[in-house]
Every structure is written in C-alpha cells, then in structure tokens.
Amino acid sequence: MITRKHPQENSLFEYLWRSVVFAAVMASVCCAQSLRQEAEHDGVLIGTAVRPSQLSETAYSSTLAREFSMVEAEDAMKWWVLRPDPATYDFRQGDEVVRFAQAHQMKIRGHCLVWGRYNPDWLTQGHYTTRHLSRLLHEHFNRVMKHYAGQVFAWDVVNEALDENGEVRDSLWYNQPGIGWSGKGTAYIEQVFRWAHKADPQALLFYNEAEGEGLNRKSDAVYAMVKDFKRRGVPIHGVGLQMHIPTLDVDIPAITASVFANIARLTALGLQVHITELDVSLPVDSRGTPRPDDLTRQADVYRGIVRACLKSPGCTAIQTWGFTDKYSWIGSHSHGTRGQALPFDRGYQPKSAYRAVWEELSAGRPAAH
Ligand code: 9MR
C-alpha cells in the first residue's frame with residue numbers, strides 16, 4: 001500500500017533536512033581558517049596574554065601559535081617579576097615570551113612599565129625620596145625598554161592611573177611620595193611618556209585603562225588627558241581599553257554602542273586603540289559550570305566588541321586576557337564564583353565566543369561611508 005504524505009508534512013521534512021545541511025555547511029565554513037588568518041585580512045592584530053610557564057604544554061602552545069598573531073606577557077614584564085631586588089633585572093620569563101613570539105611570527109606587546117599596584121615590597125616599603133624614586137623609575141625605563149627594543153613593538157607605558165571619577169589615583173609614582181609631580185595631575189604621566197620615547201623611539205606608547213571602555217567619567221578623563229598630550233606633542237600613540245566584562249548585568253547593544261563611540265573619539269585624535277585585556281566572565285556553579293544561556297550572551301558580547309573595533313580603522317588590535325578557560329586570572333580573583341571567560345574551554349575546544357569572534361573577523365571591516 002502506498003501511503004501519501006500530507007504536502008505540509010513533506011515540506012516540513014524538507015525544511016528540517018535543509019536546515020541540517022545548512023548547519024553542516026556553516027560548521028565546515030566557520031573556522032576553517034584560524035583567527036589570525038581572518039584578522040590578517042582585516043589589518044588587525046589578534047592577541048592574547050600568555051604565561052611562559054604554560055608554553056611547554058603542547059595544546060597551549062599549538063593553539064596559541066595557530067590562532068594568534070600577537071602576544072603580551074600577562075605578568076612577565078611587570079616590576080614584581082623583572083625586579084626581585086633593587087639591583088637585579090630578571091629578564092628570563094619575558095625573554096621566553098619573546099622567543100616564542102619570534103619563532104611563530106607574532107608581534108609582542110609590552111605590559112607594563114608604570115602601575116601603582118603589584119609592585120615589589122622592596123620598592124613600596126623602601127621609603128625612597130622623590131628624587132631617588134624618580135631615578136629608579138627612569139633607570140627602569142632605560143634598562144627594560146632598551147632590552148626589548150626592536151622586539152616589543154608597543155608598550156603599556158602607564159596602567160590604570162585614574163580612578164572612577166577620572167581623578168589621578170594616589171600612588172607611589174604620583175604622590176606617595178611620587179617622582180616629582182605630586183599634586184600636578186597628569187604631569188607625572190606625561191613625564192614617563194617622554195622617558196619612554198627617549199628609551200625606545202620606535203616603540204608605540206600606550207596608556208592602558210580599566211573600566212573606561214565605554215563613555216563614562218573615567219573615559220572622559222582619559223580622553224581629555226590624551227587630547228591634551230596630542231595637542232602639546234607629548235609622545236603617545238594609543239590607548240589600551242582593557243575590556244574585562246562581566247556578562248551578568250550588561251545591556252549588550254548599549255555597551256557595544258558606547259565602546260564604539262569611545263573608540264571613535266579616541267581614534268579621531270589620531271591615536272590607535274588596542275583592546276588589550278578582553279574577557280567576559282560568567283557566574284559558575286561549584287563545579288565551574290556556567291548556565292548555557294550565559295555562554296550565548298557571552299558570545300554576543302565578544303561579537304559586539306570585535307565589531308565595535310573593526311568599525312574604526314584606528315582600532316588595530318584585539319587581545320584577550322588568556323585564551324583557554326584552563327588558565328585565567330578570573331577563577332582565583334573571584335574565589336571560584338566566576339570563570340569560563342575566554343574563547344576556548346579547558347580542553348582547548350572553541351566555544352560560541354570563539355565562533356562569534358571568528359565570524360566577525362571573517363566578515364571584515366565595514367566599508368567606509
Ligand atoms: O592576570 C594578571 C594576574 O596574573 C596578576 O596576578 C595580576 C597582578 O600582577 O595582574 C593580572 O593582570 C591585570 C593586568 O596586568 C592589568 N589589568 C587588570 C588585569 C587583571 O587583574
């Protein structure tokens with residue numbers, strides 16, 4: 001007996017079949033090329049922060065070399081690693097990062113020369129005079145930047161110097177006791193940019209900031225500072241927008257529009273913008289598992305940020321703060337309550353966030369109006 005399918009049943013079957021075929025084709029199209037191959041077409045660097053101790057792990061190093069065109073030492077070029085005591089410069093860990101990058105034709109960002117936090121005890125508790133501290137910092141610039149000259153192409157010269165109201169933060173370098181510009185606002189920042197340019201005239205010099213990615217009081221203050229620097233010829237080439245984003249309470253279209261507006265005004269000054277520390281942390285349960293919906297929202301955030309960067313030709317690098325959920329500062333920082341912030345899972349499998357980044361890079365920069 002021949003049974004005839006109802007015409008609607010037939011078209012439903014056909015529809016489902018076509019969907020399966022379409023999904024399979026999309027899956028094979030998506031991500032056949034690596035992030036770095038896609039980014040290269042867009043004239044944007046795709047980078048990540050690395051820890052040298054992990055480079056010996058094959059899955060770590062092969063994923064890193066395949067997917068990224070730029071690296072930054074997550075900690076290895078900071079004071080607390082480079083300067084175990086006043087007399088010593090320990091470049092071993094930083095040099096490892098440089099060797100890896102050179103072996104895989106990757107660019108190297110340097111991070112960071114001046115930060116009010118996480119400095120070694122001998123420095124913070126050394127009761128130095130202003131004059132002595134200024135000499136110490138100036139010497140640090142010369143030794144470190146000259147050591148990495150020709151290797152590090154861009155430095156975060158100053159990191160996180162402003163507070164949420166846009167005021168210059170109290171710090172060792174500013175006013176406790178400071179290097180000689182206490183109470184004079186951004187003058188100490190200007191001074192160190194001048195030292196940086198002298199130490200390595202080829203390096204691109206960045207001011208790197210947290211929580212000033214979209215439009216707010218802090219980003220207004222960063223904008224005012226770098227505009228003033230540009231006008232007066234202070235050597236500065238770019239602003240780093242860190243972009244540590246918790247997905248919980250963010251209005252994704254609003255945040256991406258605000259980030260885009262901030263990137264647009266900074267690049268209009270003739271500065272480059274680098275997204276420097278992108279990660280999107282999720283609340284996780286005691287086993288470290290996030291809610292499935294959050295992974296989708298996370299992908300949307302990644303997509304929005306990459307798109308916001310690509311829309312401005314002056315946004316020239318997108319860097320994540322680590323790349324695998326196996327290793328991220330978020331877990332210890334949040335005592336295990338948050339995590340899963342990066343594009344690869346703990347087994348180095350790409351997540352939806354990876355696909356979102358890939359798709360945006362592959363779509364390329366929008367045509368100029
Ligand atoms: O991820 C970094 C972590 O391993 C360090 O312990 C910490 C202190 O040096 O710094 C973390 O990285 C920070 C970066 O240097 C500046 N922006 C905020 C980052 C996350 O805290």
# chains A, B, ... in the order shown; residues from 1 in each chain; ligands from 1
>>> residues_near_ligand(ligand="ligand 1", cutoff="10 Å", atoms="only C-alpha atoms and all ligand atoms", output="VMD selection string")
chain A and resid 49 to 51 73 to 81 111 to 112 115 117 to 119 156 159 to 160 208 to 211 241 to 244 276 to 279 321 to 322 327 to 330 332 to 333
>>> select_by_dssp(residues="segment 48-291 of chain A", states="strand (DSSP E)", output="PyMOL selection string")
chain A and resi 48-50+70-73+107-115+152-159+204-209+238-241+244-246+272-283
>>> residues_around(residues="segment 288-301 of chain A", least_positions_apart="3", cutoff="12 Å", atoms="only C-alpha atoms", output="ChimeraX atom specification")
/A:243-257,259,278-285,304-308,325-326,330-331,334-346,350-360
>>> atom_distance(atom1="atom CA of Asp90 of chain A", atom2="atom CA of Met145 of chain A")
13.5 Å
>>> residues_around(residues="segment 233-235 of chain A", least_positions_apart="6", cutoff="8 Å", atoms="only C-alpha atoms", output="PDB file with C-alpha atoms, in the first residue's frame")
ATOM      1  CA  GLU A 190      53.481  62.981  30.725  1.00  0.00           C
ATOM      2  CA  PHE A 193      55.849  59.013  28.286  1.00  0.00           C
ATOM      3  CA  ARG A 194      58.755  61.351  27.486  1.00  0.00           C
ATOM      4  CA  HIS A 197      60.070  57.765  23.896  1.00  0.00           C
ATOM      5  CA  LEU A 205      53.410  54.092  23.504  1.00  0.00           C
TER       6      LEU A 205
END
>>> residues_around(residues="Ala101 of chain A", least_positions_apart="6", cutoff="9 Å", atoms="only C-alpha atoms", output="number ranges by chain")
A: 65, 69-71, 107-108
>>> residues_around(residues="Glu40 of chain A", least_positions_apart="5", cutoff="10 Å", atoms="only C-alpha atoms", output="PyMOL selection string")
chain A and resi 35+45-46+69+361-362+364
>>> select_by_dssp(residues="segment 107-243 of chain A", states="helix (DSSP H, G or I)", output="ChimeraX atom specification")
/A:121-124,130-147,187-199,217-231
>>> residues_around(residues="segment 150-152 of chain A", least_positions_apart="4", cutoff="8 Å", atoms="only C-alpha atoms", output="list in words")
Val98, Lys107, Ile108, Arg109, Gly110, Gln202 and Ala203 of chain A
>>> write_last_selection(atoms="N, CA, C and O atoms", output="PDB file, in the first residue's frame")
ATOM      1  N   VAL A  98      59.220  36.369  24.338  1.00  0.00           N
ATOM      2  CA  VAL A  98      59.747  36.966  23.101  1.00  0.00           C
ATOM      3  C   VAL A  98      60.214  35.863  22.145  1.00  0.00           C
ATOM      4  O   VAL A  98      59.904  35.884  20.949  1.00  0.00           O
ATOM      5  N   LYS A 107      53.644  39.407  16.875  1.00  0.00           N
ATOM      6  CA  LYS A 107      54.058  40.687  17.440  1.00  0.00           C
ATOM      7  C   LYS A 107      54.033  40.583  18.972  1.00  0.00           C
ATOM      8  O   LYS A 107      53.291  39.767  19.532  1.00  0.00           O
ATOM      9  N   ILE A 108      54.789  41.472  19.615  1.00  0.00           N
ATOM     10  CA  ILE A 108      54.855  41.432  21.079  1.00  0.00           C
ATOM     11  C   ILE A 108      54.490  42.794  21.662  1.00  0.00           C
ATOM     12  O   ILE A 108      55.096  43.805  21.321  1.00  0.00           O
ATOM     13  N   ARG A 109      53.450  42.791  22.532  1.00  0.00           N
ATOM     14  CA  ARG A 109      53.114  43.996  23.298  1.00  0.00           C
ATOM     15  C   ARG A 109      53.810  43.900  24.636  1.00  0.00           C
ATOM     16  O   ARG A 109      53.872  42.829  25.241  1.00  0.00           O
ATOM     17  N   GLY A 110      54.263  45.014  25.153  1.00  0.00           N
ATOM     18  CA  GLY A 110      54.889  45.047  26.476  1.00  0.00           C
ATOM     19  C   GLY A 110      53.921  45.595  27.507  1.00  0.00           C
ATOM     20  O   GLY A 110      53.188  46.542  27.246  1.00  0.00           O
ATOM     21  N   GLN A 202      61.312  53.951  18.657  1.00  0.00           N
ATOM     22  CA  GLN A 202      60.491  53.225  17.668  1.00  0.00           C
ATOM     23  C   GLN A 202      59.205  52.649  18.277  1.00  0.00           C
ATOM     24  O   GLN A 202      58.279  52.298  17.540  1.00  0.00           O
ATOM     25  N   ALA A 203      59.182  52.485  19.579  1.00  0.00           N
ATOM     26  CA  ALA A 203      58.042  51.777  20.193  1.00  0.00           C
ATOM     27  C   ALA A 203      56.788  52.643  20.191  1.00  0.00           C
ATOM     28  O   ALA A 203      56.859  53.864  20.363  1.00  0.00           O
TER      29      ALA A 203
END
